[in-house]
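Listing of work.tsv, TSV, N, CA and C atoms
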chain	number	residue	atom	x	y	z
A	1	MET	N	35.45	-30.13	104.47
A	1	MET	CA	35.96	-30.87	103.35
A	1	MET	C	36.32	-32.27	103.83
A	2	LEU	N	35.84	-33.26	103.13
A	2	LEU	CA	36.16	-34.64	103.47
A	2	LEU	C	37.45	-35.04	102.79
A	3	LEU	N	38.21	-35.84	103.48
A	3	LEU	CA	39.47	-36.31	102.94
A	3	LEU	C	39.27	-37.67	102.30
A	4	GLU	N	39.66	-37.80	101.06
A	4	GLU	CA	39.60	-39.10	100.40
A	4	GLU	C	40.92	-39.81	100.63
A	5	VAL	N	40.84	-40.94	101.28
A	5	VAL	CA	42.03	-41.71	101.59
A	5	VAL	C	42.03	-42.95	100.72
A	6	GLU	N	43.20	-43.37	100.29
A	6	GLU	CA	43.33	-44.50	99.39
A	6	GLU	C	42.94	-45.82	100.03
A	7	PHE	N	42.99	-45.93	101.33
A	7	PHE	CA	42.74	-47.18	102.02
A	7	PHE	C	41.34	-47.17	102.60
A	8	ASP	N	40.65	-48.28	102.48
A	8	ASP	CA	39.28	-48.36	102.97
A	8	ASP	C	39.19	-48.87	104.40
A	9	GLU	N	40.11	-49.72	104.80
A	9	GLU	CA	40.00	-50.28	106.14
A	9	GLU	C	40.45	-49.26	107.18
A	10	PRO	N	39.78	-49.25	108.33
A	10	PRO	CA	40.19	-48.31	109.38
A	10	PRO	C	41.44	-48.81	110.08
A	11	GLY	N	42.55	-48.23	109.76
A	11	GLY	CA	43.81	-48.66	110.34
A	11	GLY	C	44.48	-47.53	111.07
A	12	LEU	N	45.63	-47.81	111.57
A	12	LEU	CA	46.41	-46.83	112.32
A	12	LEU	C	46.81	-45.65	111.45
A	13	PHE	N	47.20	-45.92	110.20
A	13	PHE	CA	47.60	-44.85	109.30
A	13	PHE	C	46.42	-43.92	108.99
A	14	ASN	N	45.24	-44.50	108.74
A	14	ASN	CA	44.06	-43.67	108.44
A	14	ASN	C	43.68	-42.79	109.62
A	15	ARG	N	43.78	-43.33	110.82
A	15	ARG	CA	43.48	-42.52	112.01
A	15	ARG	C	44.50	-41.39	112.17
A	16	PHE	N	45.76	-41.66	111.86
A	16	PHE	CA	46.77	-40.60	111.93
A	16	PHE	C	46.49	-39.50	110.91
A	17	VAL	N	46.11	-39.88	109.68
A	17	VAL	CA	45.78	-38.89	108.66
A	17	VAL	C	44.57	-38.06	109.09
A	18	GLN	N	43.59	-38.68	109.69
A	18	GLN	CA	42.42	-37.93	110.16
A	18	GLN	C	42.79	-36.97	111.28
A	19	ARG	N	43.66	-37.38	112.18
A	19	ARG	CA	44.12	-36.49	113.26
A	19	ARG	C	44.89	-35.31	112.70
A	20	VAL	N	45.73	-35.58	111.70
A	20	VAL	CA	46.50	-34.49	111.08
A	20	VAL	C	45.56	-33.47	110.47
A	21	ASN	N	44.49	-33.91	109.84
A	21	ASN	CA	43.56	-32.99	109.19
A	21	ASN	C	42.60	-32.32	110.16
A	22	ARG	N	42.48	-32.83	111.37
A	22	ARG	CA	41.67	-32.13	112.38
A	22	ARG	C	42.42	-30.94	112.97
A	23	ALA	N	43.72	-31.06	113.12
A	23	ALA	CA	44.55	-29.98	113.67
A	23	ALA	C	45.82	-29.85	112.83
A	24	PRO	N	45.69	-29.32	111.60
A	24	PRO	CA	46.84	-29.36	110.68
A	24	PRO	C	48.02	-28.49	111.10
A	25	ILE	N	47.76	-27.32	111.66
A	25	ILE	CA	48.87	-26.44	112.04
A	25	ILE	C	49.66	-27.04	113.21
A	26	VAL	N	48.95	-27.61	114.16
A	26	VAL	CA	49.63	-28.22	115.31
A	26	VAL	C	50.54	-29.35	114.85
A	27	TRP	N	50.03	-30.20	113.96
A	27	TRP	CA	50.83	-31.31	113.46
A	27	TRP	C	51.95	-30.82	112.54
A	28	THR	N	51.67	-29.81	111.73
A	28	THR	CA	52.69	-29.30	110.82
A	28	THR	C	53.88	-28.76	111.59
A	29	ILE	N	53.62	-27.90	112.54
A	29	ILE	CA	54.72	-27.31	113.31
A	29	ILE	C	55.28	-28.30	114.32
A	30	GLY	N	54.41	-29.11	114.92
A	30	GLY	CA	54.86	-30.08	115.91
A	30	GLY	C	55.78	-31.15	115.36
A	31	LEU	N	55.59	-31.53	114.11
A	31	LEU	CA	56.49	-32.50	113.50
A	31	LEU	C	57.62	-31.85	112.72
A	32	MET	N	57.41	-30.61	112.28
A	32	MET	CA	58.45	-29.93	111.51
A	32	MET	C	59.71	-29.70	112.34
A	33	ILE	N	59.54	-29.28	113.56
A	33	ILE	CA	60.69	-28.94	114.40
A	33	ILE	C	61.59	-30.16	114.65
A	34	PRO	N	61.06	-31.29	115.13
A	34	PRO	CA	61.98	-32.42	115.35
A	34	PRO	C	62.55	-33.02	114.07
A	35	VAL	N	61.76	-33.05	112.99
A	35	VAL	CA	62.27	-33.61	111.73
A	35	VAL	C	63.41	-32.74	111.21
A	36	TYR	N	63.24	-31.42	111.25
A	36	TYR	CA	64.29	-30.55	110.75
A	36	TYR	C	65.50	-30.52	111.66
A	37	MET	N	65.31	-30.63	112.96
A	37	MET	CA	66.46	-30.72	113.85
A	37	MET	C	67.27	-31.98	113.55
A	38	PHE	N	66.58	-33.09	113.31
A	38	PHE	CA	67.25	-34.34	112.95
A	38	PHE	C	67.99	-34.20	111.62
A	39	ALA	N	67.31	-33.64	110.61
A	39	ALA	CA	67.92	-33.52	109.29
A	39	ALA	C	69.11	-32.57	109.30
A	40	PHE	N	68.97	-31.43	109.96
A	40	PHE	CA	70.09	-30.49	110.01
A	40	PHE	C	71.24	-31.05	110.83
A	41	SER	N	70.95	-31.84	111.86
A	41	SER	CA	72.02	-32.46	112.64
A	41	SER	C	72.80	-33.44	111.78
A	42	LEU	N	72.08	-34.26	111.00
A	42	LEU	CA	72.77	-35.18	110.10
A	42	LEU	C	73.61	-34.45	109.07
A	43	ALA	N	73.07	-33.38	108.50
A	43	ALA	CA	73.81	-32.62	107.50
A	43	ALA	C	75.04	-31.95	108.12
A	44	PHE	N	74.88	-31.43	109.33
A	44	PHE	CA	76.01	-30.81	110.01
A	44	PHE	C	77.10	-31.83	110.30
A	45	ILE	N	76.70	-33.01	110.78
A	45	ILE	CA	77.67	-34.07	111.06
A	45	ILE	C	78.41	-34.46	109.78
A	46	ALA	N	77.66	-34.57	108.68
A	46	ALA	CA	78.28	-34.97	107.41
A	46	ALA	C	79.29	-33.94	106.95
A	47	LEU	N	78.92	-32.68	107.01
A	47	LEU	CA	79.82	-31.64	106.49
A	47	LEU	C	80.93	-31.28	107.47
A	48	ALA	N	80.67	-31.41	108.77
A	48	ALA	CA	81.72	-31.11	109.75
A	48	ALA	C	82.76	-32.22	109.80
A	49	SER	N	82.34	-33.45	109.58
A	49	SER	CA	83.29	-34.55	109.64
A	49	SER	C	84.18	-34.63	108.40
A	50	ASP	N	83.71	-34.09	107.28
A	50	ASP	CA	84.48	-34.16	106.04
A	50	ASP	C	84.25	-32.89	105.22
A	51	PRO	N	84.80	-31.74	105.66
A	51	PRO	CA	84.50	-30.48	104.96
A	51	PRO	C	85.11	-30.38	103.57
A	52	TYR	N	86.13	-31.16	103.27
A	52	TYR	CA	86.78	-31.07	101.96
A	52	TYR	C	86.40	-32.23	101.03
A	53	PHE	N	85.41	-33.00	101.42
A	53	PHE	CA	84.90	-34.12	100.62
A	53	PHE	C	86.00	-35.12	100.26
A	54	GLU	N	86.79	-35.50	101.27
A	54	GLU	CA	87.83	-36.50	101.04
A	54	GLU	C	87.25	-37.90	100.91
A	55	SER	N	86.18	-38.18	101.66
A	55	SER	CA	85.47	-39.46	101.51
A	55	SER	C	84.02	-39.14	101.16
A	56	PRO	N	83.75	-38.88	99.88
A	56	PRO	CA	82.44	-38.38	99.50
A	56	PRO	C	81.30	-39.39	99.66
A	57	VAL	N	81.60	-40.67	99.75
A	57	VAL	CA	80.53	-41.66	99.87
A	57	VAL	C	79.82	-41.53	101.21
A	58	ILE	N	80.58	-41.44	102.30
A	58	ILE	CA	79.97	-41.31	103.63
A	58	ILE	C	79.24	-39.98	103.74
A	59	THR	N	79.85	-38.92	103.26
A	59	THR	CA	79.21	-37.61	103.28
A	59	THR	C	77.93	-37.64	102.47
A	60	PHE	N	77.98	-38.23	101.30
A	60	PHE	CA	76.81	-38.32	100.44
A	60	PHE	C	75.69	-39.12	101.12
A	61	LEU	N	76.02	-40.23	101.75
A	61	LEU	CA	75.00	-41.04	102.41
A	61	LEU	C	74.34	-40.30	103.57
A	62	LEU	N	75.14	-39.58	104.35
A	62	LEU	CA	74.55	-38.81	105.46
A	62	LEU	C	73.68	-37.66	104.94
A	63	LEU	N	74.14	-36.98	103.89
A	63	LEU	CA	73.32	-35.92	103.31
A	63	LEU	C	72.06	-36.49	102.67
A	64	LEU	N	72.16	-37.67	102.09
A	64	LEU	CA	70.99	-38.33	101.52
A	64	LEU	C	69.98	-38.70	102.60
A	65	ALA	N	70.45	-39.17	103.74
A	65	ALA	CA	69.55	-39.49	104.85
A	65	ALA	C	68.87	-38.23	105.38
A	66	ALA	N	69.61	-37.14	105.48
A	66	ALA	CA	69.03	-35.88	105.95
A	66	ALA	C	67.98	-35.38	104.97
A	67	ALA	N	68.29	-35.41	103.69
A	67	ALA	CA	67.33	-34.94	102.68
A	67	ALA	C	66.11	-35.85	102.62
A	68	SER	N	66.31	-37.15	102.78
A	68	SER	CA	65.18	-38.08	102.75
A	68	SER	C	64.24	-37.85	103.93
A	69	ALA	N	64.79	-37.55	105.09
A	69	ALA	CA	63.93	-37.28	106.26
A	69	ALA	C	63.09	-36.04	106.02
A	70	ALA	N	63.71	-34.97	105.55
A	70	ALA	CA	62.97	-33.73	105.32
A	70	ALA	C	61.96	-33.89	104.18
A	71	MET	N	62.35	-34.54	103.11
A	71	MET	CA	61.45	-34.65	101.97
A	71	MET	C	60.31	-35.64	102.23
A	72	SER	N	60.53	-36.68	103.02
A	72	SER	CA	59.43	-37.58	103.34
A	72	SER	C	58.41	-36.89	104.23
A	73	TYR	N	58.89	-36.03	105.12
A	73	TYR	CA	57.97	-35.21	105.93
A	73	TYR	C	57.13	-34.32	105.02
A	74	HIS	N	57.75	-33.63	104.08
A	74	HIS	CA	57.01	-32.75	103.18
A	74	HIS	C	56.11	-33.53	102.24
A	75	TRP	N	56.56	-34.70	101.80
A	75	TRP	CA	55.71	-35.51	100.93
A	75	TRP	C	54.44	-35.92	101.66
A	76	PHE	N	54.58	-36.39	102.91
A	76	PHE	CA	53.41	-36.82	103.67
A	76	PHE	C	52.42	-35.68	103.83
A	77	PHE	N	52.90	-34.51	104.24
A	77	PHE	CA	51.98	-33.41	104.49
A	77	PHE	C	51.41	-32.83	103.20
A	78	SER	N	52.16	-32.82	102.13
A	78	SER	CA	51.58	-32.32	100.88
A	78	SER	C	50.59	-33.31	100.30
A	79	ARG	N	50.76	-34.58	100.61
A	79	ARG	CA	49.85	-35.60	100.08
A	79	ARG	C	48.58	-35.73	100.89
A	80	TYR	N	48.68	-35.69	102.21
A	80	TYR	CA	47.54	-36.02	103.06
A	80	TYR	C	46.95	-34.85	103.82
A	81	GLN	N	47.63	-33.73	103.98
A	81	GLN	CA	47.09	-32.58	104.71
A	81	GLN	C	46.53	-31.61	103.68
A	82	ARG	N	45.22	-31.52	103.62
A	82	ARG	CA	44.58	-30.72	102.58
A	82	ARG	C	43.63	-29.65	103.12
A	83	VAL	N	43.47	-29.50	104.41
A	83	VAL	CA	42.44	-28.61	104.93
A	83	VAL	C	42.94	-27.22	105.30
A	84	SER	N	44.26	-26.99	105.35
A	84	SER	CA	44.78	-25.71	105.81
A	84	SER	C	45.70	-25.09	104.76
A	85	PRO	N	45.27	-23.96	104.16
A	85	PRO	CA	46.17	-23.28	103.22
A	85	PRO	C	47.43	-22.74	103.90
A	86	PHE	N	47.32	-22.31	105.15
A	86	PHE	CA	48.49	-21.82	105.88
A	86	PHE	C	49.48	-22.96	106.12
A	87	GLY	N	48.97	-24.14	106.45
A	87	GLY	CA	49.84	-25.31	106.62
A	87	GLY	C	50.54	-25.67	105.32
A	88	GLN	N	49.84	-25.55	104.20
A	88	GLN	CA	50.47	-25.83	102.91
A	88	GLN	C	51.52	-24.78	102.57
A	89	PHE	N	51.28	-23.52	102.95
A	89	PHE	CA	52.29	-22.47	102.75
A	89	PHE	C	53.53	-22.76	103.58
A	90	LEU	N	53.34	-23.22	104.82
A	90	LEU	CA	54.49	-23.59	105.66
A	90	LEU	C	55.27	-24.73	105.01
A	91	GLN	N	54.55	-25.70	104.46
A	91	GLN	CA	55.22	-26.82	103.80
A	91	GLN	C	56.06	-26.34	102.63
A	92	PHE	N	55.49	-25.45	101.84
A	92	PHE	CA	56.20	-24.95	100.67
A	92	PHE	C	57.43	-24.14	101.06
A	93	SER	N	57.27	-23.20	102.00
A	93	SER	CA	58.39	-22.33	102.36
A	93	SER	C	59.50	-23.11	103.07
A	94	PHE	N	59.15	-24.00	103.97
A	94	PHE	CA	60.19	-24.76	104.65
A	94	PHE	C	60.74	-25.88	103.78
A	95	GLY	N	60.01	-26.27	102.74
A	95	GLY	CA	60.56	-27.23	101.79
A	95	GLY	C	61.67	-26.64	100.95
A	96	LEU	N	61.63	-25.33	100.73
A	96	LEU	CA	62.69	-24.67	99.99
A	96	LEU	C	63.93	-24.42	100.84
A	97	LEU	N	63.78	-24.38	102.13
A	97	LEU	CA	64.89	-24.08	103.03
A	97	LEU	C	66.07	-25.03	102.87
A	98	PRO	N	65.88	-26.36	102.86
A	98	PRO	CA	67.05	-27.24	102.68
A	98	PRO	C	67.68	-27.12	101.31
A	99	VAL	N	66.87	-26.84	100.30
A	99	VAL	CA	67.41	-26.73	98.94
A	99	VAL	C	68.32	-25.51	98.85
A	100	VAL	N	67.84	-24.37	99.28
A	100	VAL	CA	68.64	-23.13	99.23
A	100	VAL	C	69.82	-23.22	100.19
A	101	GLY	N	69.58	-23.73	101.40
A	101	GLY	CA	70.66	-23.85	102.38
A	101	GLY	C	71.73	-24.82	101.94
A	102	GLY	N	71.33	-25.95	101.38
A	102	GLY	CA	72.30	-26.92	100.88
A	102	GLY	C	73.13	-26.37	99.74
A	103	PHE	N	72.48	-25.61	98.85
A	103	PHE	CA	73.21	-24.99	97.76
A	103	PHE	C	74.24	-24.00	98.29
A	104	CYS	N	73.86	-23.18	99.26
A	104	CYS	CA	74.79	-22.21	99.84
A	104	CYS	C	75.96	-22.91	100.54
A	105	ILE	N	75.69	-24.00	101.25
A	105	ILE	CA	76.75	-24.73	101.93
A	105	ILE	C	77.73	-25.33	100.93
A	106	LEU	N	77.21	-25.91	99.86
A	106	LEU	CA	78.11	-26.48	98.85
A	106	LEU	C	78.94	-25.41	98.16
A	107	VAL	N	78.35	-24.25	97.87
A	107	VAL	CA	79.11	-23.17	97.24
A	107	VAL	C	80.20	-22.66	98.18
A	108	ILE	N	79.87	-22.47	99.44
A	108	ILE	CA	80.85	-21.98	100.41
A	108	ILE	C	81.97	-23.01	100.59
A	109	SER	N	81.62	-24.29	100.66
A	109	SER	CA	82.67	-25.31	100.86
A	109	SER	C	83.56	-25.41	99.62
A	110	ARG	N	83.03	-25.22	98.44
A	110	ARG	CA	83.86	-25.24	97.22
A	110	ARG	C	84.75	-24.00	97.17
A	111	MET	N	84.26	-22.86	97.64
A	111	MET	CA	85.09	-21.65	97.67
A	111	MET	C	86.22	-21.79	98.67
A	112	ALA	N	85.98	-22.55	99.76
A	112	ALA	CA	87.03	-22.73	100.76
A	112	ALA	C	88.16	-23.61	100.23
A	113	VAL	N	87.84	-24.51	99.32
A	113	VAL	CA	88.83	-25.40	98.74
A	113	VAL	C	89.74	-24.63	97.80
A	114	LEU	N	89.18	-23.68	97.07
A	114	LEU	CA	89.96	-22.93	96.09
A	114	LEU	C	90.89	-22.01	96.74

Please express what this file holds, its structure, as structure tokens.
Amino acid sequence: MLLEVEFDEPGLFNRFVQRVNRAPIVWTIGLMIPVYMFAFSLAFIALASDPYFESPVITFLLLLAAASAAMSYHWFFSRYQRVSPFGQFLQFSFGLLPVVGGFCILVISRMAVL
């Protein structure tokens, strides 16, 4: 299957997209681990530094940065990685992980306040 890319000129981004589609599982897992470690570290720092949401702006900004890192990773792979159904399944299942995990963390932190 040929990949249709929006850009015609051969640039660095196009070569990266072609490499991702040559070995999609390697790139999916190889980038998933560091991106998620970074995102979960930011989320942990945000919630550990202010567990009762006394300064919600800083907590919100750190959680926003963590969510943006994870979602930009998933956006890139869902947009440009099209050759592996297993890679797409990994994207879908791990894309739900921060949503469900974040919801559980917020519910637990609200229960601790009460």

**Request:** Extract the full set of alpha helix (DSSP H) residues from range 2-111 of chain A according to DSSP on the backbone, and format it as a PyMOL selection string.
**Result:** chain A and resi 12-22+24-49+56-80+85-111

**Request:** Would you kindly return, as a ChimeraX atom specification, each protein, DNA or RNA residue with an atom no farther than 6.5 Å from any atom of range 16-33 of chain A, considering only N, CA and C atoms and excluding same-chain residues fewer than 6 positions away?
**Result:** /A:80-84,87

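One distance worth recording is that between CA of Phe92 in chain A and CA of Leu62 in chain A, which is 23.5 Å.
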
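All residues of protein, DNA or RNA that reach within 10 Å of range 104-106 of chain A, judged by only C-alpha atoms and not counting those fewer than 5 positions away in the chain, are A:Leu47, A:Pro51, A:Pro98, A:Val99, A:Met111, A:Ala112.
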
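Taking atom C of Ile58 in chain A and atom N of Val100 in chain A as endpoints, the distance between them is 19.8 Å.
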
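Here atom N of Arg79 in chain A stands at a distance of 13.8 Å from CA of Phe13 in chain A.
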